[in-house]
>>> print(open('query_6.cif').read())   # mmCIF, N, CA and C atoms
data_final
loop_
_atom_site.label_atom_id
_atom_site.label_comp_id
_atom_site.auth_asym_id
_atom_site.auth_seq_id
_atom_site.Cartn_x
_atom_site.Cartn_y
_atom_site.Cartn_z
N MET A 1 3.21 28.18 8.94
CA MET A 1 3.87 26.90 9.09
C MET A 1 5.34 27.08 8.69
N SER A 2 6.24 26.59 9.50
CA SER A 2 7.67 26.73 9.22
C SER A 2 8.10 25.79 8.09
N GLY A 3 9.25 26.10 7.53
CA GLY A 3 9.79 25.25 6.47
C GLY A 3 10.02 23.83 6.93
N GLU A 4 10.48 23.68 8.16
CA GLU A 4 10.71 22.35 8.72
C GLU A 4 9.40 21.57 8.84
N THR A 5 8.36 22.25 9.28
CA THR A 5 7.05 21.60 9.43
C THR A 5 6.54 21.14 8.08
N VAL A 6 6.68 21.99 7.08
CA VAL A 6 6.24 21.62 5.72
C VAL A 6 7.04 20.43 5.22
N ARG A 7 8.34 20.46 5.45
CA ARG A 7 9.20 19.36 4.99
C ARG A 7 8.76 18.04 5.60
N PHE A 8 8.53 18.03 6.92
CA PHE A 8 8.14 16.80 7.58
C PHE A 8 6.74 16.36 7.18
N ALA A 9 5.86 17.30 6.90
CA ALA A 9 4.52 16.97 6.42
C ALA A 9 4.60 16.29 5.05
N LEU A 10 5.48 16.78 4.19
CA LEU A 10 5.66 16.16 2.87
C LEU A 10 6.26 14.76 3.00
N PHE A 11 7.22 14.61 3.90
CA PHE A 11 7.78 13.27 4.16
C PHE A 11 6.67 12.32 4.58
N ALA A 12 5.84 12.78 5.49
CA ALA A 12 4.75 11.93 6.00
C ALA A 12 3.80 11.52 4.89
N GLU A 13 3.51 12.43 3.97
CA GLU A 13 2.61 12.11 2.86
C GLU A 13 3.21 11.05 1.96
N VAL A 14 4.49 11.15 1.67
CA VAL A 14 5.14 10.14 0.83
C VAL A 14 5.16 8.80 1.54
N PHE A 15 5.52 8.79 2.82
CA PHE A 15 5.54 7.53 3.55
C PHE A 15 4.15 6.94 3.70
N ALA A 16 3.13 7.78 3.82
CA ALA A 16 1.75 7.29 3.88
C ALA A 16 1.39 6.60 2.56
N ALA A 17 1.84 7.15 1.45
CA ALA A 17 1.57 6.52 0.15
C ALA A 17 2.28 5.18 0.04
N LEU A 18 3.42 5.04 0.69
CA LEU A 18 4.18 3.79 0.65
C LEU A 18 3.72 2.79 1.72
N ALA A 19 2.78 3.19 2.54
CA ALA A 19 2.41 2.38 3.71
C ALA A 19 1.37 1.30 3.42
N HIS A 20 1.15 0.96 2.16
CA HIS A 20 0.18 -0.09 1.83
C HIS A 20 0.91 -1.21 1.07
N PRO A 21 0.73 -2.46 1.50
CA PRO A 21 1.45 -3.57 0.86
C PRO A 21 1.21 -3.67 -0.65
N LYS A 22 0.00 -3.45 -1.10
CA LYS A 22 -0.28 -3.56 -2.54
C LYS A 22 0.36 -2.43 -3.33
N ARG A 23 0.45 -1.24 -2.74
CA ARG A 23 1.14 -0.15 -3.42
C ARG A 23 2.63 -0.44 -3.52
N LEU A 24 3.19 -1.03 -2.47
CA LEU A 24 4.60 -1.43 -2.53
C LEU A 24 4.81 -2.52 -3.58
N GLU A 25 3.86 -3.42 -3.69
CA GLU A 25 3.95 -4.46 -4.71
C GLU A 25 3.91 -3.84 -6.11
N MET A 26 3.03 -2.86 -6.31
CA MET A 26 2.95 -2.19 -7.60
C MET A 26 4.25 -1.45 -7.90
N ILE A 27 4.84 -0.81 -6.90
CA ILE A 27 6.12 -0.14 -7.08
C ILE A 27 7.18 -1.15 -7.50
N HIS A 28 7.15 -2.32 -6.89
CA HIS A 28 8.09 -3.38 -7.27
C HIS A 28 7.96 -3.69 -8.76
N TYR A 29 6.74 -3.91 -9.22
CA TYR A 29 6.53 -4.25 -10.63
C TYR A 29 6.87 -3.08 -11.55
N LEU A 30 6.56 -1.86 -11.13
CA LEU A 30 6.90 -0.69 -11.94
C LEU A 30 8.41 -0.46 -11.97
N GLY A 31 9.10 -0.93 -10.94
CA GLY A 31 10.56 -0.86 -10.93
C GLY A 31 11.18 -1.74 -12.00
N GLU A 32 10.43 -2.75 -12.43
CA GLU A 32 10.90 -3.63 -13.51
C GLU A 32 10.65 -3.00 -14.88
N GLY A 33 9.73 -2.04 -14.94
CA GLY A 33 9.42 -1.38 -16.21
C GLY A 33 7.99 -0.88 -16.23
N GLN A 34 7.69 -0.16 -17.27
CA GLN A 34 6.38 0.46 -17.46
C GLN A 34 5.29 -0.61 -17.57
N ARG A 35 4.12 -0.33 -16.99
CA ARG A 35 2.99 -1.26 -17.02
C ARG A 35 1.69 -0.48 -17.15
N ASN A 36 0.65 -1.16 -17.63
CA ASN A 36 -0.67 -0.53 -17.62
C ASN A 36 -1.47 -1.10 -16.45
N ALA A 37 -2.64 -0.51 -16.18
CA ALA A 37 -3.44 -0.91 -15.02
C ALA A 37 -3.87 -2.37 -15.11
N GLY A 38 -4.18 -2.83 -16.31
CA GLY A 38 -4.58 -4.24 -16.48
C GLY A 38 -3.47 -5.19 -16.10
N GLU A 39 -2.25 -4.87 -16.51
CA GLU A 39 -1.11 -5.71 -16.16
C GLU A 39 -0.89 -5.72 -14.65
N LEU A 40 -0.97 -4.54 -14.05
CA LEU A 40 -0.80 -4.46 -12.60
C LEU A 40 -1.90 -5.21 -11.86
N ALA A 41 -3.12 -5.16 -12.38
CA ALA A 41 -4.23 -5.89 -11.76
C ALA A 41 -3.95 -7.39 -11.80
N GLU A 42 -3.49 -7.85 -12.94
CA GLU A 42 -3.19 -9.28 -13.09
C GLU A 42 -2.06 -9.71 -12.16
N LEU A 43 -1.02 -8.89 -12.09
CA LEU A 43 0.14 -9.23 -11.26
C LEU A 43 -0.17 -9.20 -9.77
N THR A 44 -1.02 -8.27 -9.35
CA THR A 44 -1.29 -8.09 -7.91
C THR A 44 -2.53 -8.83 -7.43
N GLY A 45 -3.37 -9.27 -8.37
CA GLY A 45 -4.60 -9.94 -7.97
C GLY A 45 -5.70 -8.98 -7.55
N LEU A 46 -5.53 -7.70 -7.85
CA LEU A 46 -6.54 -6.70 -7.53
C LEU A 46 -7.41 -6.42 -8.75
N SER A 47 -8.56 -5.81 -8.52
CA SER A 47 -9.39 -5.37 -9.63
C SER A 47 -8.74 -4.15 -10.27
N LYS A 48 -9.09 -3.88 -11.53
CA LYS A 48 -8.54 -2.70 -12.19
C LYS A 48 -8.95 -1.43 -11.46
N ALA A 49 -10.17 -1.41 -10.93
CA ALA A 49 -10.65 -0.23 -10.19
C ALA A 49 -9.79 0.00 -8.94
N ASN A 50 -9.48 -1.09 -8.24
CA ASN A 50 -8.66 -0.97 -7.03
C ASN A 50 -7.23 -0.54 -7.39
N VAL A 51 -6.68 -1.09 -8.47
CA VAL A 51 -5.35 -0.69 -8.93
C VAL A 51 -5.35 0.80 -9.25
N SER A 52 -6.38 1.26 -9.93
CA SER A 52 -6.47 2.68 -10.28
C SER A 52 -6.50 3.58 -9.06
N GLN A 53 -7.20 3.14 -8.02
CA GLN A 53 -7.24 3.93 -6.78
C GLN A 53 -5.84 4.03 -6.16
N HIS A 54 -5.15 2.91 -6.11
CA HIS A 54 -3.79 2.92 -5.55
C HIS A 54 -2.85 3.76 -6.41
N LEU A 55 -2.96 3.64 -7.73
CA LEU A 55 -2.12 4.43 -8.62
C LEU A 55 -2.39 5.92 -8.46
N SER A 56 -3.63 6.29 -8.22
CA SER A 56 -3.97 7.70 -8.00
C SER A 56 -3.24 8.26 -6.80
N ILE A 57 -3.16 7.47 -5.75
CA ILE A 57 -2.45 7.89 -4.54
C ILE A 57 -0.96 8.04 -4.84
N LEU A 58 -0.39 7.07 -5.54
CA LEU A 58 1.03 7.13 -5.88
C LEU A 58 1.34 8.30 -6.81
N LYS A 59 0.42 8.57 -7.75
CA LYS A 59 0.60 9.72 -8.65
C LYS A 59 0.51 11.03 -7.88
N ALA A 60 -0.47 11.13 -6.97
CA ALA A 60 -0.65 12.37 -6.20
C ALA A 60 0.59 12.70 -5.36
N ARG A 61 1.33 11.69 -4.95
CA ARG A 61 2.53 11.90 -4.14
C ARG A 61 3.79 12.00 -4.99
N GLY A 62 3.61 11.97 -6.31
CA GLY A 62 4.75 12.15 -7.21
C GLY A 62 5.66 10.96 -7.35
N LEU A 63 5.15 9.77 -7.03
CA LEU A 63 5.97 8.56 -7.10
C LEU A 63 5.80 7.84 -8.44
N VAL A 64 4.66 8.05 -9.08
CA VAL A 64 4.32 7.37 -10.33
C VAL A 64 3.86 8.42 -11.34
N HIS A 65 4.20 8.18 -12.59
CA HIS A 65 3.76 9.06 -13.68
C HIS A 65 2.96 8.23 -14.69
N CYS A 66 1.98 8.86 -15.30
CA CYS A 66 1.12 8.20 -16.29
C CYS A 66 1.40 8.80 -17.67
N ASP A 67 1.74 7.94 -18.61
CA ASP A 67 1.90 8.34 -20.01
C ASP A 67 0.71 7.79 -20.77
N LYS A 68 -0.11 8.68 -21.36
CA LYS A 68 -1.28 8.24 -22.12
C LYS A 68 -0.84 7.88 -23.53
N CYS A 69 -1.33 6.73 -23.97
CA CYS A 69 -1.03 6.24 -25.32
C CYS A 69 -2.35 5.72 -25.89
N GLY A 70 -3.06 6.56 -26.61
CA GLY A 70 -4.39 6.18 -27.10
C GLY A 70 -5.34 6.05 -25.93
N THR A 71 -5.97 4.90 -25.81
CA THR A 71 -6.90 4.67 -24.71
C THR A 71 -6.21 4.07 -23.48
N PHE A 72 -4.93 3.75 -23.61
CA PHE A 72 -4.20 3.14 -22.51
C PHE A 72 -3.38 4.17 -21.75
N CYS A 73 -3.22 3.92 -20.47
CA CYS A 73 -2.31 4.69 -19.64
C CYS A 73 -1.18 3.76 -19.23
N HIS A 74 0.02 4.16 -19.52
CA HIS A 74 1.19 3.39 -19.11
C HIS A 74 1.81 4.09 -17.91
N TYR A 75 2.01 3.34 -16.86
CA TYR A 75 2.52 3.90 -15.61
C TYR A 75 3.99 3.53 -15.46
N ARG A 76 4.72 4.49 -14.90
CA ARG A 76 6.14 4.27 -14.62
C ARG A 76 6.50 5.05 -13.36
N LEU A 77 7.58 4.64 -12.73
CA LEU A 77 8.07 5.37 -11.57
C LEU A 77 8.66 6.70 -12.02
N THR A 78 8.50 7.71 -11.21
CA THR A 78 9.03 9.03 -11.57
C THR A 78 10.55 9.09 -11.40
N SER A 79 11.09 8.20 -10.58
CA SER A 79 12.53 8.22 -10.31
C SER A 79 12.97 6.85 -9.82
N PRO A 80 14.19 6.44 -10.16
CA PRO A 80 14.71 5.18 -9.61
C PRO A 80 14.89 5.27 -8.09
N LYS A 81 14.87 6.48 -7.55
CA LYS A 81 15.02 6.65 -6.11
C LYS A 81 13.84 6.08 -5.33
N VAL A 82 12.70 5.90 -6.00
CA VAL A 82 11.54 5.28 -5.35
C VAL A 82 11.90 3.85 -4.96
N VAL A 83 12.49 3.11 -5.90
CA VAL A 83 12.90 1.73 -5.63
C VAL A 83 14.06 1.72 -4.64
N GLU A 84 14.99 2.67 -4.77
CA GLU A 84 16.12 2.75 -3.85
C GLU A 84 15.64 2.96 -2.42
N THR A 85 14.62 3.81 -2.25
CA THR A 85 14.05 4.05 -0.92
C THR A 85 13.47 2.77 -0.34
N CYS A 86 12.73 2.04 -1.17
CA CYS A 86 12.14 0.78 -0.72
C CYS A 86 13.23 -0.23 -0.36
N GLU A 87 14.32 -0.23 -1.11
CA GLU A 87 15.42 -1.14 -0.83
C GLU A 87 16.10 -0.79 0.50
N ILE A 88 16.25 0.49 0.78
CA ILE A 88 16.84 0.90 2.06
C ILE A 88 15.96 0.43 3.21
N VAL A 89 14.64 0.58 3.07
CA VAL A 89 13.72 0.14 4.12
C VAL A 89 13.79 -1.38 4.27
N ARG A 90 13.89 -2.10 3.14
CA ARG A 90 14.01 -3.57 3.20
C ARG A 90 15.26 -3.97 3.98
N GLN A 91 16.37 -3.28 3.72
CA GLN A 91 17.60 -3.58 4.44
C GLN A 91 17.46 -3.28 5.93
N LEU A 92 16.78 -2.21 6.26
CA LEU A 92 16.53 -1.87 7.66
C LEU A 92 15.72 -2.98 8.34
N ILE A 93 14.70 -3.46 7.66
CA ILE A 93 13.87 -4.54 8.21
C ILE A 93 14.71 -5.80 8.42
N LEU A 94 15.56 -6.14 7.44
CA LEU A 94 16.41 -7.32 7.58
C LEU A 94 17.35 -7.18 8.77
N GLU A 95 17.91 -5.98 8.97
CA GLU A 95 18.77 -5.74 10.13
C GLU A 95 18.00 -5.92 11.43
N GLN A 96 16.78 -5.41 11.46
CA GLN A 96 15.95 -5.56 12.66
C GLN A 96 15.64 -7.03 12.92
N MET A 97 15.36 -7.77 11.85
CA MET A 97 15.07 -9.20 12.00
C MET A 97 16.29 -9.93 12.54
N ASP A 98 17.48 -9.57 12.06
CA ASP A 98 18.71 -10.18 12.57
C ASP A 98 18.87 -9.90 14.05
N LEU A 99 18.63 -8.65 14.46
CA LEU A 99 18.73 -8.30 15.88
C LEU A 99 17.73 -9.09 16.71
N THR A 100 16.51 -9.19 16.20
CA THR A 100 15.47 -9.93 16.92
C THR A 100 15.87 -11.39 17.07
N THR A 101 16.40 -11.98 16.00
CA THR A 101 16.84 -13.37 16.06
C THR A 101 17.97 -13.54 17.07
N THR A 102 18.90 -12.59 17.07
CA THR A 102 20.02 -12.64 18.03
C THR A 102 19.49 -12.54 19.45
N TYR A 103 18.58 -11.62 19.71
CA TYR A 103 18.01 -11.46 21.04
C TYR A 103 17.25 -12.71 21.46
N ARG A 104 16.51 -13.30 20.55
CA ARG A 104 15.77 -14.53 20.88
C ARG A 104 16.74 -15.65 21.26
N ARG A 105 17.82 -15.75 20.50
CA ARG A 105 18.82 -16.78 20.81
C ARG A 105 19.42 -16.55 22.19
N GLN A 106 19.74 -15.30 22.48
CA GLN A 106 20.32 -14.97 23.79
C GLN A 106 19.33 -15.25 24.90
N LEU A 107 18.07 -14.91 24.71
CA LEU A 107 17.06 -15.18 25.73
C LEU A 107 16.85 -16.67 25.95
N ALA A 108 16.96 -17.44 24.88
CA ALA A 108 16.77 -18.89 25.00
C ALA A 108 17.89 -19.52 25.83
N GLU A 109 19.03 -18.88 25.83
CA GLU A 109 20.17 -19.40 26.59
C GLU A 109 20.10 -19.07 28.07
N VAL A 110 19.28 -18.12 28.44
CA VAL A 110 19.15 -17.73 29.84
C VAL A 110 18.31 -18.78 30.56
N LEU A 111 18.81 -19.21 31.69
CA LEU A 111 18.06 -20.19 32.46
C LEU A 111 16.84 -19.53 33.10
N PRO A 112 15.71 -20.21 33.05
CA PRO A 112 14.51 -19.62 33.66
C PRO A 112 14.67 -19.51 35.17
N LEU A 113 14.04 -18.51 35.74
CA LEU A 113 14.01 -18.37 37.19
C LEU A 113 13.05 -19.41 37.74
N ARG A 114 13.49 -20.08 38.78
CA ARG A 114 12.62 -21.12 39.37
C ARG A 114 12.42 -20.82 40.83
N LYS A 115 11.21 -21.03 41.26
CA LYS A 115 10.93 -20.86 42.67
C LYS A 115 11.48 -22.10 43.40
N GLU A 116 12.07 -21.83 44.52
CA GLU A 116 12.56 -22.95 45.31
C GLU A 116 11.39 -23.59 46.03
N SER A 117 11.43 -24.90 46.09
CA SER A 117 10.34 -25.63 46.78
C SER A 117 10.46 -25.39 48.26
N SER A 118 9.28 -25.19 48.91
CA SER A 118 9.32 -25.00 50.36
C SER A 118 9.06 -26.25 51.09
#
>>> encode(input="query_6.cif", output="structure tokens")
Amino acid sequence: MSGETVRFALFAEVFAALAHPKRLEMIHYLGEGQRNAGELAELTGLSKANVSQHLSILKARGLVHCDKCGTFCHYRLTSPKVVETCEIVRQLILEQMDLTTTYRRQLAEVLPLRKESS
């Protein structure tokens, strides 16, 4: 496998980890500061078991780190770049929405084609 292929495969794995709304929500909360699974469960409305599954995926992709403190695990983002990446994607989506709104407005201004009565 070439270096380029490996690089793109790693990109795909990270984006796959980010491709779930609840994982993005957890990243949002972890961007505010360290949290434990119980706190994330309460904030997201998920069960602790489900939160743990999502956190495992984020940890496996190197996006989240777990600090053990007694019986608790405190989770934090591995880098502020995780939130920065999400912010860039949010801005991209907003730009796309603006374009879509502009196109809809332009289409609304176009007169419909009408068949002439025979």
>>> select_by_dssp(input="query_6.cif", residues="chain A", states="alpha helix (DSSP H)", output="VMD selection string")
chain A and resid 3 to 17 21 to 32 37 to 44 48 to 60 81 to 109
>>> residues_around(input="query_6.cif", residues="Thr78 of chain A", least_positions_apart="2", cutoff="9 Å", atoms="only C-alpha atoms", output="PyMOL selection string")
chain A and resi 59+62-65+76+80-82
>>> residues_around(input="query_6.cif", residues="segment 29-34 of chain A", least_positions_apart="3", cutoff="7 Å", atoms="only C-alpha atoms", output="ChimeraX atom specification")
/A:25-26,74-77,83
>>> atom_distance(input="query_6.cif", atom1="atom CA of Ala60 of chain A", atom2="atom CA of Ala17 of chain A")
8.9 Å
>>> resolve_selection(input="query_6.cif", expression="the PyMOL selection byres (((chain A and resi 42-45 and name CA) around 8) and name CA)", output="list in words")
Lys22, Glu25, Met26, Gly38, Glu39, Leu40, Ala41, Leu46 and Ser47 of chain A
